[in-house]
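Next comes my_file21.cif, a file with mmCIF, C-alpha atoms.
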data_input
#
loop_
_atom_site.label_atom_id
_atom_site.label_comp_id
_atom_site.auth_asym_id
_atom_site.auth_seq_id
_atom_site.Cartn_x
_atom_site.Cartn_y
_atom_site.Cartn_z
CA MET M 1 17.27 -4.08 -28.79
CA SER M 2 17.37 -2.70 -32.33
CA SER M 3 15.21 -5.51 -33.73
CA PHE M 4 12.88 -5.76 -30.73
CA ARG M 5 10.50 -2.80 -30.48
CA PRO M 6 7.70 -3.47 -27.96
CA ASP M 7 4.86 -0.98 -27.56
CA LEU M 8 4.50 -1.60 -23.84
CA LEU M 9 6.88 -2.68 -21.09
CA ILE M 10 5.94 -3.64 -17.54
CA THR M 11 8.74 -3.73 -15.00
CA HIS M 12 9.43 -3.27 -11.34
CA TRP M 13 9.07 0.10 -9.66
CA PHE M 14 12.17 2.31 -9.66
CA ASP M 15 11.80 2.79 -5.86
CA ASP M 16 11.18 -0.90 -5.07
CA MET M 17 12.50 -2.16 -1.73
CA HIS M 18 14.13 -5.19 -3.36
CA PRO M 19 17.52 -4.22 -4.86
CA ASP M 20 17.15 -6.71 -7.74
CA HIS M 21 13.80 -5.14 -8.68
CA GLU M 22 15.29 -1.65 -8.59
CA ALA M 23 18.20 -2.90 -10.72
CA ALA M 24 15.79 -4.43 -13.27
CA PHE M 25 14.14 -1.02 -13.73
CA LEU M 26 17.49 0.76 -14.07
CA ILE M 27 18.80 -1.76 -16.62
CA LEU M 28 15.61 -1.45 -18.67
CA ARG M 29 15.75 2.35 -18.59
CA ARG M 30 19.41 2.43 -19.59
CA ALA M 31 18.83 -0.01 -22.45
CA LEU M 32 15.86 1.98 -23.75
CA VAL M 33 17.61 5.32 -23.53
CA SER M 34 20.72 3.95 -25.26
CA SER M 35 18.67 2.25 -27.95
CA PHE M 36 16.47 5.23 -28.74
CA LEU M 37 19.22 7.84 -28.57
CA SER M 38 21.37 5.85 -30.98
CA ASN M 39 18.59 5.96 -33.59
CA SER M 40 16.81 8.73 -35.45
CA ILE M 41 14.47 11.27 -33.86
CA ASP M 42 11.56 9.37 -35.43
CA SER M 43 12.36 6.40 -33.20
CA LEU M 44 11.70 8.56 -30.13
CA LYS M 45 8.10 8.98 -31.28
CA LYS M 46 7.77 5.18 -31.20
CA ALA M 47 9.26 4.69 -27.73
CA PRO M 48 7.36 2.08 -25.71
CA GLU M 49 5.12 2.97 -22.82
CA ILE M 50 6.62 1.90 -19.49
CA PHE M 51 4.53 0.85 -16.52
CA CYS M 52 5.91 -0.09 -13.11
CA CYS M 53 4.09 -2.63 -10.98
CA ASP M 54 3.47 -2.43 -7.26
CA THR M 55 5.34 -4.80 -4.94
CA TYR M 56 6.10 -5.27 -1.25
CA GLY M 57 2.93 -3.89 0.24
CA SER M 58 3.05 -0.64 -1.74
CA MET M 59 6.02 0.72 0.18
CA GLY M 60 9.20 1.86 -1.52
CA VAL M 61 12.58 3.06 -0.31
CA ARG M 62 11.40 6.69 -0.22
CA GLY M 63 7.70 6.25 0.44
CA PRO M 64 4.46 4.69 -0.77
CA PHE M 65 3.72 3.52 -4.29
CA GLN M 66 1.34 5.99 -5.97
CA PRO M 67 -0.37 4.05 -8.76
CA GLY M 68 -1.95 5.78 -11.70
CA GLN M 69 -3.96 2.77 -12.78
CA LEU M 70 -5.63 -0.24 -11.20
CA VAL M 71 -6.33 -3.32 -13.34
CA ASP M 72 -8.88 -5.96 -12.32
CA VAL M 73 -7.10 -9.35 -12.21
CA THR M 74 -9.93 -11.32 -10.62
CA ARG M 75 -10.58 -13.31 -13.80
CA VAL M 76 -6.92 -14.43 -14.01
CA TRP M 77 -6.23 -14.74 -10.28
CA GLU M 78 -5.53 -18.49 -10.37
CA LYS M 79 -3.09 -18.02 -13.28
CA LYS M 80 -1.32 -15.29 -11.31
CA LEU M 81 -0.98 -17.61 -8.32
CA ALA M 82 0.40 -20.36 -10.56
CA ALA M 83 3.00 -17.92 -11.91
CA VAL M 84 4.01 -16.93 -8.37
CA HIS M 85 4.41 -20.61 -7.48
CA ALA M 86 6.98 -20.89 -10.30
CA HIS M 87 9.39 -18.87 -8.12
CA GLU M 88 10.51 -21.90 -6.15
CA SER M 89 13.48 -20.08 -4.63
CA GLN M 90 11.17 -17.64 -2.80
CA PRO M 91 9.55 -18.17 0.62
CA LEU M 92 6.10 -18.67 -0.91
CA PRO M 93 3.90 -18.49 2.23
CA PHE M 94 5.28 -15.01 2.99
CA TYR M 95 4.92 -13.69 -0.56
CA LEU M 96 1.57 -15.32 -1.30
CA ASP M 97 0.03 -13.70 1.76
CA MET M 98 1.51 -10.31 0.90
CA ILE M 99 0.41 -10.54 -2.76
CA GLU M 100 -3.12 -11.53 -1.84
CA ARG M 101 -3.51 -8.74 0.73
CA GLN M 102 -2.10 -6.17 -1.69
CA CYS M 103 -4.34 -7.27 -4.58
CA LEU M 104 -7.38 -7.37 -2.29
CA ASP M 105 -6.62 -3.79 -1.18
CA HIS M 106 -6.26 -2.60 -4.77
CA GLY M 107 -9.40 -4.54 -5.68
CA ARG M 108 -11.42 -2.74 -3.01
CA ALA M 109 -10.23 0.58 -4.42
CA THR M 110 -11.55 -0.27 -7.87
CA GLY M 111 -14.60 -2.38 -7.04
CA ALA M 112 -13.05 -5.70 -8.05
CA GLN M 113 -12.10 -8.68 -5.92
CA TYR M 114 -8.42 -8.50 -6.94
CA ALA M 115 -6.54 -5.76 -8.78
CA GLU M 116 -2.96 -4.92 -9.69
CA ALA M 117 -1.59 -1.38 -9.46
CA PHE M 118 0.63 0.31 -12.05
CA LEU M 119 2.45 3.59 -12.48
CA HIS M 120 3.12 5.04 -15.95
CA VAL M 121 6.72 6.20 -16.27
CA PRO M 122 7.30 8.48 -19.26
CA LEU M 123 10.54 7.83 -21.13
CA PHE M 124 12.63 11.01 -21.53
CA GLY M 125 10.31 12.88 -19.16
CA ARG M 126 7.45 13.13 -21.65
CA ALA M 127 4.30 14.26 -19.90
CA ASP M 128 1.93 11.52 -18.79
CA ASP M 129 -0.96 12.05 -21.13
CA GLY M 130 -3.24 9.58 -19.43
CA VAL M 131 -1.83 6.51 -21.17
CA ARG M 132 -3.68 3.42 -20.00
CA LEU M 133 -2.62 -0.21 -20.06
CA GLY M 134 -4.11 -2.04 -23.01
CA GLU M 135 -4.85 1.07 -25.08
#
Write-out of the structure in structure tokens:
Amino acid sequence: MSSFRPDLLITHWFDDMHPDHEAAFLILRRALVSSFLSNSIDSLKKAPEIFCCDTYGSMGVRGPFQPGQLVDVTRVWEKKLAAVHAHESQPLPFYLDMIERQCLDHGRATGAQYAEAFLHVPLFGRADDGVRLGE
């Protein structure tokens, strides 16, 4: 991790219903904390922004996903579907239906056909200062 310093990381939600998704978030958080604490205080100022994505119909272990940002994905919808099809080990009809319904719901909330929802997670509890994806 010392040579790889991304500005932005997108991962699964920490409260995701799928245990592998929850584990992915925890592993990422542990790696970031270990990496940044082992370096100088200046490295903390350069910590990446972390955003969690919505999955499984916006419901987590302890309640609903509360996104802070919706991103229009209408223009790249076919690419998103192609990426989902790459997960050959998954029951695609089930997931494709769920993904489409979820993105349609988020799209309606933002005036787009399809949208993805994200939650900013501040590393080390820094206040969320309105950080937006792509800024």
Checklist entry - How would you write, as a ChimeraX atom specification, the residues chosen by the PyMOL selection byres ((chain M and resi 100-113) around 8) on this structure? => result /M:57-58,70,72,74,96-99,114-117
Checklist entry - When you draw a straight line from CA of Leu37 in chain M to CA of Leu119 in chain M, how long is it in Å? => result 23.6 Å
Item to check | Residue among M:Val76, M:Val71, M:Cys53, M:Leu92 lying closest to His21 in chain M, counting all atoms listed in the file | outcome: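 Checking each candidate against His21 in chain M, we get M:Cys53 as the closest.
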Checklist entry - What is the distance, in Å and to one decimal place, between CA of Leu28 in chain M and CA of Asp7 in chain M? => result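 The value is 14.0 Å.
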Item to check | Pick from M:Ile10, M:Ala83, M:Val61, M:Ala31, whichever lies nearest to Glu49 in chain M using only C-alpha atoms | outcome: M:Ile10
Item to check | Gap from CA of Pro67 in chain M to CA of Phe25 in chain M - Å, one decimal | outcome: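 Separation between CA of Pro67 in chain M and CA of Phe25 in chain M: 16.2 Å.
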Please give the centre and size of the box around range 82-94 of chain M (axis-aligned, containing every atom listed in the file, 4 Å added per side), with values in Å to one decimal and written as JSON.
{"center_x": 6.9, "center_y": -18.5, "center_z": -4.5, "size_x": 21.1, "size_y": 14.9, "size_z": 22.9}
Item to check | Among listed residues M:Leu81, M:Met17, M:Ala86, M:Leu8, nearest Leu32 in chain M (using all atoms listed in the file) | outcome: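 The closest residue to Leu32 in chain M is M:Leu8.
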Next on the checklist: Report as a list of chain:residue names all protein, DNA and RNA residues lying within 8 Å of range 22-24 of chain M, evaluated on all atoms listed in the file, omitting residues in the same chain fewer than 4 positions from it.
Outcome noted: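 Near range 22-24 of chain M, the qualifying residues are M:Thr11, M:His12, M:Trp13, M:Phe14, M:Asp15, M:Asp16, M:Met17, M:His18, M:Leu28.
Of the listed residues M:Phe94, M:His120, M:Gly60, M:Arg5, the one whose atoms come nearest to Ala47 in chain M is M:Arg5, with distances taken using all atoms listed in the file.
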Checklist entry - Quick one: of M:Tyr95, M:Glu88, M:Pro19, M:Arg29, who's nearest to Ile50 in chain M, counting all atoms listed in the file? => result M:Arg29
